[in-house]
Amino acid sequence: MGTKEIFHFFEEENCELWIYTTSFRSIRYIKWLFLVHGIKLNGIVNQEIHNKNVSLTISKYPPAFNIDILIDDSKGVLIEGKQKNFKVIQIDPDDLKWVEKIKEDFFRIKNS
């Protein structure tokens with residue numbers, strides 16, 4: 001709930017839409033999964049691509065792929081972002097107002 005809304009919000013903000021996942025699912029499958037919901041992605045980083053391009057011992061490293069802001073539900077990724085100096089919007093999977101939180105945090109980061 002809210003996924004299409006937040007993706008369309010970022011499209012309206014002229015942002016590129018990427019998926020960065022620790023899954024080993026294929027790029028083709030991930031692309032299809034979003035396309036069937038009307039969401040066109042600009043890029044996908046799965047675990048295989050991450051492993052080939054990131055030499056750091058870190059779960060995700062968006063700067064390696066020119067990703068400016070990462071949205072993730074992991075507190076560990078938020079900690080890694082602070083340690084390695086990349087921007088993370090961390091959402092709680094139980095937060096029913098997660099879409100609004102992302103929008104607020106996005107504008108805060110964009111205007112800072």
# chains A, B, ... in the order shown; residues from 1 in each chain; ligands from 1
call {"tool": "select_by_dssp", "arguments": {"residues": "chain A", "states": "helix (DSSP H, G or I)", "output": "ChimeraX atom specification"}}
result
/A:3-12,27-35,47-53,62-65,75-84,98-110
call {"tool": "write_last_selection", "arguments": {"atoms": "N, CA and C atoms", "output": "compact mmCIF listing (two decimals), in the first residue's frame"}}
result
# COMPACT_ATOMS: atom_id res chain seq x y z
N THR A 3 3.02 2.09 -2.46
CA THR A 3 4.20 1.95 -3.32
C THR A 3 4.04 2.72 -4.63
N LYS A 4 2.93 2.53 -5.31
CA LYS A 4 2.72 3.26 -6.56
C LYS A 4 2.72 4.76 -6.32
N GLU A 5 2.09 5.18 -5.24
CA GLU A 5 2.03 6.61 -4.92
C GLU A 5 3.42 7.19 -4.75
N ILE A 6 4.29 6.52 -4.02
CA ILE A 6 5.61 7.09 -3.77
C ILE A 6 6.47 7.06 -5.03
N PHE A 7 6.32 6.03 -5.85
CA PHE A 7 7.08 6.00 -7.11
C PHE A 7 6.61 7.11 -8.04
N HIS A 8 5.32 7.34 -8.11
CA HIS A 8 4.80 8.42 -8.97
C HIS A 8 5.19 9.79 -8.41
N PHE A 9 5.25 9.93 -7.11
CA PHE A 9 5.73 11.16 -6.49
C PHE A 9 7.15 11.47 -6.97
N PHE A 10 8.03 10.46 -6.93
CA PHE A 10 9.41 10.69 -7.34
C PHE A 10 9.51 10.94 -8.84
N GLU A 11 8.65 10.33 -9.64
CA GLU A 11 8.62 10.64 -11.07
C GLU A 11 8.27 12.11 -11.28
N GLU A 12 7.27 12.61 -10.55
CA GLU A 12 6.88 14.01 -10.64
C GLU A 12 7.99 14.95 -10.19
N ILE A 27 17.65 -9.34 -12.69
CA ILE A 27 17.28 -7.99 -13.11
C ILE A 27 15.99 -8.06 -13.92
N ARG A 28 15.91 -9.02 -14.81
CA ARG A 28 14.72 -9.19 -15.65
C ARG A 28 13.46 -9.38 -14.80
N TYR A 29 13.55 -10.23 -13.78
CA TYR A 29 12.40 -10.48 -12.92
C TYR A 29 11.99 -9.22 -12.16
N ILE A 30 12.97 -8.51 -11.59
CA ILE A 30 12.67 -7.30 -10.82
C ILE A 30 12.04 -6.24 -11.73
N LYS A 31 12.61 -6.07 -12.92
CA LYS A 31 12.06 -5.11 -13.87
C LYS A 31 10.61 -5.45 -14.21
N TRP A 32 10.34 -6.73 -14.48
CA TRP A 32 8.99 -7.19 -14.80
C TRP A 32 8.04 -6.95 -13.62
N LEU A 33 8.50 -7.27 -12.42
CA LEU A 33 7.68 -7.12 -11.22
C LEU A 33 7.15 -5.70 -11.07
N PHE A 34 7.97 -4.72 -11.39
CA PHE A 34 7.54 -3.33 -11.28
C PHE A 34 6.74 -2.89 -12.51
N LEU A 35 7.13 -3.35 -13.69
CA LEU A 35 6.41 -2.98 -14.90
C LEU A 35 4.95 -3.41 -14.88
N GLN A 47 22.00 -8.24 -5.53
CA GLN A 47 23.18 -8.63 -4.76
C GLN A 47 24.36 -8.99 -5.67
N GLU A 48 24.08 -9.60 -6.79
CA GLU A 48 25.15 -9.97 -7.72
C GLU A 48 25.88 -8.73 -8.24
N ILE A 49 25.14 -7.73 -8.65
CA ILE A 49 25.76 -6.49 -9.15
C ILE A 49 26.48 -5.76 -8.02
N HIS A 50 25.88 -5.74 -6.84
CA HIS A 50 26.53 -5.12 -5.68
C HIS A 50 27.89 -5.78 -5.42
N ASN A 51 27.89 -7.11 -5.39
CA ASN A 51 29.14 -7.84 -5.11
C ASN A 51 30.21 -7.56 -6.14
N LYS A 52 29.84 -7.38 -7.40
CA LYS A 52 30.81 -7.13 -8.48
C LYS A 52 31.38 -5.71 -8.42
N ASN A 53 30.62 -4.77 -7.86
CA ASN A 53 30.99 -3.37 -7.95
C ASN A 53 31.38 -2.69 -6.63
N PRO A 62 25.06 3.01 -2.09
CA PRO A 62 24.50 3.74 -3.23
C PRO A 62 25.46 4.65 -4.00
N PRO A 63 26.47 5.27 -3.36
CA PRO A 63 27.37 6.11 -4.15
C PRO A 63 28.06 5.36 -5.30
N ALA A 64 28.24 4.07 -5.16
CA ALA A 64 28.88 3.29 -6.23
C ALA A 64 28.05 3.27 -7.50
N PHE A 65 26.77 3.63 -7.39
CA PHE A 65 25.85 3.59 -8.52
C PHE A 65 25.22 4.97 -8.79
N LYS A 75 17.49 -0.53 9.85
CA LYS A 75 18.24 0.41 10.69
C LYS A 75 19.74 0.25 10.47
N GLY A 76 20.15 -0.96 10.12
CA GLY A 76 21.56 -1.21 9.84
C GLY A 76 22.04 -0.42 8.63
N VAL A 77 21.21 -0.31 7.61
CA VAL A 77 21.58 0.48 6.43
C VAL A 77 21.66 1.96 6.79
N LEU A 78 20.79 2.42 7.66
CA LEU A 78 20.85 3.80 8.13
C LEU A 78 22.19 4.05 8.84
N ILE A 79 22.61 3.13 9.67
CA ILE A 79 23.89 3.24 10.37
C ILE A 79 25.04 3.25 9.37
N GLU A 80 24.98 2.35 8.38
CA GLU A 80 26.03 2.32 7.34
C GLU A 80 26.08 3.64 6.60
N GLY A 81 24.92 4.23 6.32
CA GLY A 81 24.88 5.52 5.64
C GLY A 81 25.58 6.60 6.44
N LYS A 82 25.36 6.61 7.74
CA LYS A 82 26.02 7.60 8.59
C LYS A 82 27.53 7.36 8.63
N GLN A 83 27.93 6.08 8.68
CA GLN A 83 29.35 5.74 8.74
C GLN A 83 30.08 6.04 7.43
N LYS A 84 29.42 5.78 6.30
CA LYS A 84 30.06 5.92 4.98
C LYS A 84 29.62 7.17 4.23
N TRP A 98 4.23 5.84 6.22
CA TRP A 98 5.57 5.80 5.65
C TRP A 98 5.70 6.65 4.39
N VAL A 99 4.65 6.76 3.59
CA VAL A 99 4.71 7.57 2.37
C VAL A 99 4.95 9.03 2.73
N GLU A 100 4.20 9.53 3.71
CA GLU A 100 4.36 10.91 4.14
C GLU A 100 5.75 11.15 4.73
N LYS A 101 6.26 10.18 5.49
CA LYS A 101 7.60 10.31 6.08
C LYS A 101 8.65 10.44 4.98
N ILE A 102 8.53 9.60 3.94
CA ILE A 102 9.50 9.67 2.85
C ILE A 102 9.45 11.03 2.18
N LYS A 103 8.26 11.52 1.90
CA LYS A 103 8.13 12.83 1.25
C LYS A 103 8.74 13.93 2.11
N GLU A 104 8.43 13.94 3.40
CA GLU A 104 8.98 14.96 4.31
C GLU A 104 10.51 14.89 4.36
N ASP A 105 11.03 13.67 4.51
CA ASP A 105 12.49 13.51 4.59
C ASP A 105 13.15 13.88 3.26
N PHE A 106 12.51 13.54 2.16
CA PHE A 106 13.05 13.88 0.84
C PHE A 106 13.19 15.40 0.70
N PHE A 107 12.14 16.15 1.03
CA PHE A 107 12.19 17.60 0.91
C PHE A 107 13.21 18.20 1.88
N ARG A 108 13.32 17.62 3.08
CA ARG A 108 14.32 18.09 4.05
C ARG A 108 15.72 17.91 3.49
N ILE A 109 16.00 16.74 2.92
CA ILE A 109 17.32 16.46 2.36
C ILE A 109 17.57 17.34 1.12
N LYS A 110 16.57 17.44 0.26
CA LYS A 110 16.69 18.21 -0.98
C LYS A 110 16.98 19.68 -0.69
call {"tool": "closest_residue", "arguments": {"among": "A:Ile91, A:Gly38, A:Gly43, A:Tyr20", "to": "Lys60 (chain A)", "atoms": "only C-alpha atoms"}}
result
A:Tyr20
call {"tool": "atom_distance", "arguments": {"atom1": "CA of Thr22 (chain A)", "atom2": "CA of Ser59 (chain A)"}}
result
7.3 Å
call {"tool": "select_by_dssp", "arguments": {"residues": "region 23-107 of chain A", "states": "strand (DSSP E)", "output": "list of chain:residue names"}}
result
A:Gly43, A:Ile44, A:Val45, A:Ile69, A:Leu70, A:Ile71, A:Asp72, A:Lys87, A:Val88, A:Ile89, A:Gln90
call {"tool": "write_last_selection", "arguments": {"atoms": "C-alpha atoms", "output": "short mmCIF file (atom, residue, chain, number, x, y, z; two decimals), in the first residue's frame"}}
result
data_model
loop_
_atom_site.label_atom_id
_atom_site.label_comp_id
_atom_site.auth_asym_id
_atom_site.auth_seq_id
_atom_site.Cartn_x
_atom_site.Cartn_y
_atom_site.Cartn_z
CA GLY A 43 18.20 1.03 -12.79
CA ILE A 44 18.43 -2.05 -10.63
CA VAL A 45 21.17 -3.23 -8.29
CA ILE A 69 19.21 8.97 -1.59
CA LEU A 70 18.47 5.40 -0.51
CA ILE A 71 15.14 4.50 1.05
CA ASP A 72 15.35 1.39 3.20
CA LYS A 87 21.92 9.66 2.55
CA VAL A 88 19.33 7.18 3.80
CA ILE A 89 15.66 7.63 4.52
CA GLN A 90 14.87 4.82 6.93
#
call {"tool": "closest_residue", "arguments": {"among": "A:Val54, A:Ser112, A:Pro93, A:Cys15", "to": "Ile67 (chain A)", "atoms": "only C-alpha atoms"}}
result
A:Cys15
call {"tool": "atom_distance", "arguments": {"atom1": "CA of Met1 (chain A)", "atom2": "CA of Phe86 (chain A)"}}
result
27.0 Å
call {"tool": "atom_distance", "arguments": {"atom1": "CA of Asn85 (chain A)", "atom2": "CA of Gly2 (chain A)"}}
result
28.2 Å
call {"tool": "closest_residue", "arguments": {"among": "A:Leu41, A:Asn111, A:Leu56, A:Asn46", "to": "Phe24 (chain A)", "atoms": "only C-alpha atoms"}}
result
A:Asn46
call {"tool": "closest_residue", "arguments": {"among": "A:Arg25, A:Lys97, A:Asp68, A:Trp18", "to": "Asn42 (chain A)", "atoms": "only C-alpha atoms"}}
result
A:Trp18
call {"tool": "decode", "arguments": {"residues": "chain A", "atoms": "C-alpha atoms", "output": "tab-separated table (two decimals), in the first residue's frame"}}
result
chain	number	residue	atom	x	y	z
A	1	MET	CA	0.00	0.00	0.00
A	2	GLY	CA	1.48	3.33	-1.05
A	3	THR	CA	4.20	1.95	-3.32
A	4	LYS	CA	2.72	3.26	-6.56
A	5	GLU	CA	2.03	6.61	-4.92
A	6	ILE	CA	5.61	7.09	-3.77
A	7	PHE	CA	7.08	6.00	-7.11
A	8	HIS	CA	4.80	8.42	-8.97
A	9	PHE	CA	5.73	11.16	-6.49
A	10	PHE	CA	9.41	10.69	-7.34
A	11	GLU	CA	8.62	10.64	-11.07
A	12	GLU	CA	6.88	14.01	-10.64
A	13	GLU	CA	9.99	15.26	-8.83
A	14	ASN	CA	12.05	14.20	-11.90
A	15	CYS	CA	13.99	11.61	-9.91
A	16	GLU	CA	15.42	8.45	-11.38
A	17	LEU	CA	13.82	5.35	-9.91
A	18	TRP	CA	16.19	2.57	-8.87
A	19	ILE	CA	15.80	-0.61	-6.90
A	20	TYR	CA	18.74	-1.59	-4.70
A	21	THR	CA	18.15	-4.99	-3.16
A	22	THR	CA	20.18	-7.63	-1.38
A	23	SER	CA	18.15	-10.22	-3.29
A	24	PHE	CA	19.73	-12.44	-5.93
A	25	ARG	CA	16.56	-12.24	-8.06
A	26	SER	CA	17.36	-11.50	-11.67
A	27	ILE	CA	17.28	-7.99	-13.11
A	28	ARG	CA	14.72	-9.19	-15.65
A	29	TYR	CA	12.40	-10.48	-12.92
A	30	ILE	CA	12.67	-7.30	-10.82
A	31	LYS	CA	12.06	-5.11	-13.87
A	32	TRP	CA	8.99	-7.19	-14.80
A	33	LEU	CA	7.68	-7.12	-11.22
A	34	PHE	CA	7.54	-3.33	-11.28
A	35	LEU	CA	6.41	-2.98	-14.90
A	36	VAL	CA	3.27	-5.02	-14.27
A	37	HIS	CA	2.36	-2.31	-11.76
A	38	GLY	CA	3.11	0.51	-14.20
A	39	ILE	CA	6.46	1.47	-12.67
A	40	LYS	CA	9.40	1.91	-15.04
A	41	LEU	CA	12.78	1.69	-13.33
A	42	ASN	CA	15.89	3.56	-14.39
A	43	GLY	CA	18.20	1.03	-12.79
A	44	ILE	CA	18.43	-2.05	-10.63
A	45	VAL	CA	21.17	-3.23	-8.29
A	46	ASN	CA	20.75	-6.76	-7.01
A	47	GLN	CA	23.18	-8.63	-4.76
A	48	GLU	CA	25.15	-9.97	-7.72
A	49	ILE	CA	25.76	-6.49	-9.15
A	50	HIS	CA	26.53	-5.12	-5.68
A	51	ASN	CA	29.14	-7.84	-5.11
A	52	LYS	CA	30.81	-7.13	-8.48
A	53	ASN	CA	30.99	-3.37	-7.95
A	54	VAL	CA	31.42	-2.75	-4.23
A	55	SER	CA	34.61	-3.85	-2.53
A	56	LEU	CA	33.54	-2.58	0.90
A	57	THR	CA	32.09	-4.92	3.49
A	58	ILE	CA	28.73	-3.20	3.52
A	59	SER	CA	25.19	-4.31	2.72
A	60	LYS	CA	24.43	-1.42	0.34
A	61	TYR	CA	26.56	1.40	-1.00
A	62	PRO	CA	24.50	3.74	-3.23
A	63	PRO	CA	27.37	6.11	-4.15
A	64	ALA	CA	28.88	3.29	-6.23
A	65	PHE	CA	25.85	3.59	-8.52
A	66	ASN	CA	25.34	7.38	-8.37
A	67	ILE	CA	22.25	6.98	-6.21
A	68	ASP	CA	21.76	10.15	-4.16
A	69	ILE	CA	19.21	8.97	-1.59
A	70	LEU	CA	18.47	5.40	-0.51
A	71	ILE	CA	15.14	4.50	1.05
A	72	ASP	CA	15.35	1.39	3.20
A	73	ASP	CA	13.59	-0.28	6.11
A	74	SER	CA	16.81	-1.48	7.74
A	75	LYS	CA	18.24	0.41	10.69
A	76	GLY	CA	21.56	-1.21	9.84
A	77	VAL	CA	21.58	0.48	6.43
A	78	LEU	CA	20.85	3.80	8.13
A	79	ILE	CA	23.89	3.24	10.37
A	80	GLU	CA	26.03	2.32	7.34
A	81	GLY	CA	24.88	5.52	5.64
A	82	LYS	CA	26.02	7.60	8.59
A	83	GLN	CA	29.35	5.74	8.74
A	84	LYS	CA	30.06	5.92	4.98
A	85	ASN	CA	28.46	9.32	4.40
A	86	PHE	CA	25.51	8.54	2.14
A	87	LYS	CA	21.92	9.66	2.55
A	88	VAL	CA	19.33	7.18	3.80
A	89	ILE	CA	15.66	7.63	4.52
A	90	GLN	CA	14.87	4.82	6.93
A	91	ILE	CA	11.26	3.75	7.25
A	92	ASP	CA	9.68	1.48	9.80
A	93	PRO	CA	7.76	-1.39	8.13
A	94	ASP	CA	4.99	-0.94	10.70
A	95	ASP	CA	4.60	2.81	10.06
A	96	LEU	CA	1.27	3.36	8.32
A	97	LYS	CA	2.34	6.89	7.36
A	98	TRP	CA	5.57	5.80	5.65
A	99	VAL	CA	4.71	7.57	2.37
A	100	GLU	CA	4.36	10.91	4.14
A	101	LYS	CA	7.60	10.31	6.08
A	102	ILE	CA	9.50	9.67	2.85
A	103	LYS	CA	8.13	12.83	1.25
A	104	GLU	CA	8.98	14.96	4.31
A	105	ASP	CA	12.49	13.51	4.59
A	106	PHE	CA	13.05	13.88	0.84
A	107	PHE	CA	12.19	17.60	0.91
A	108	ARG	CA	14.32	18.09	4.05
A	109	ILE	CA	17.32	16.46	2.36
A	110	LYS	CA	16.69	18.21	-0.98
A	111	ASN	CA	16.52	21.65	0.67
A	112	SER	CA	19.53	21.19	2.97
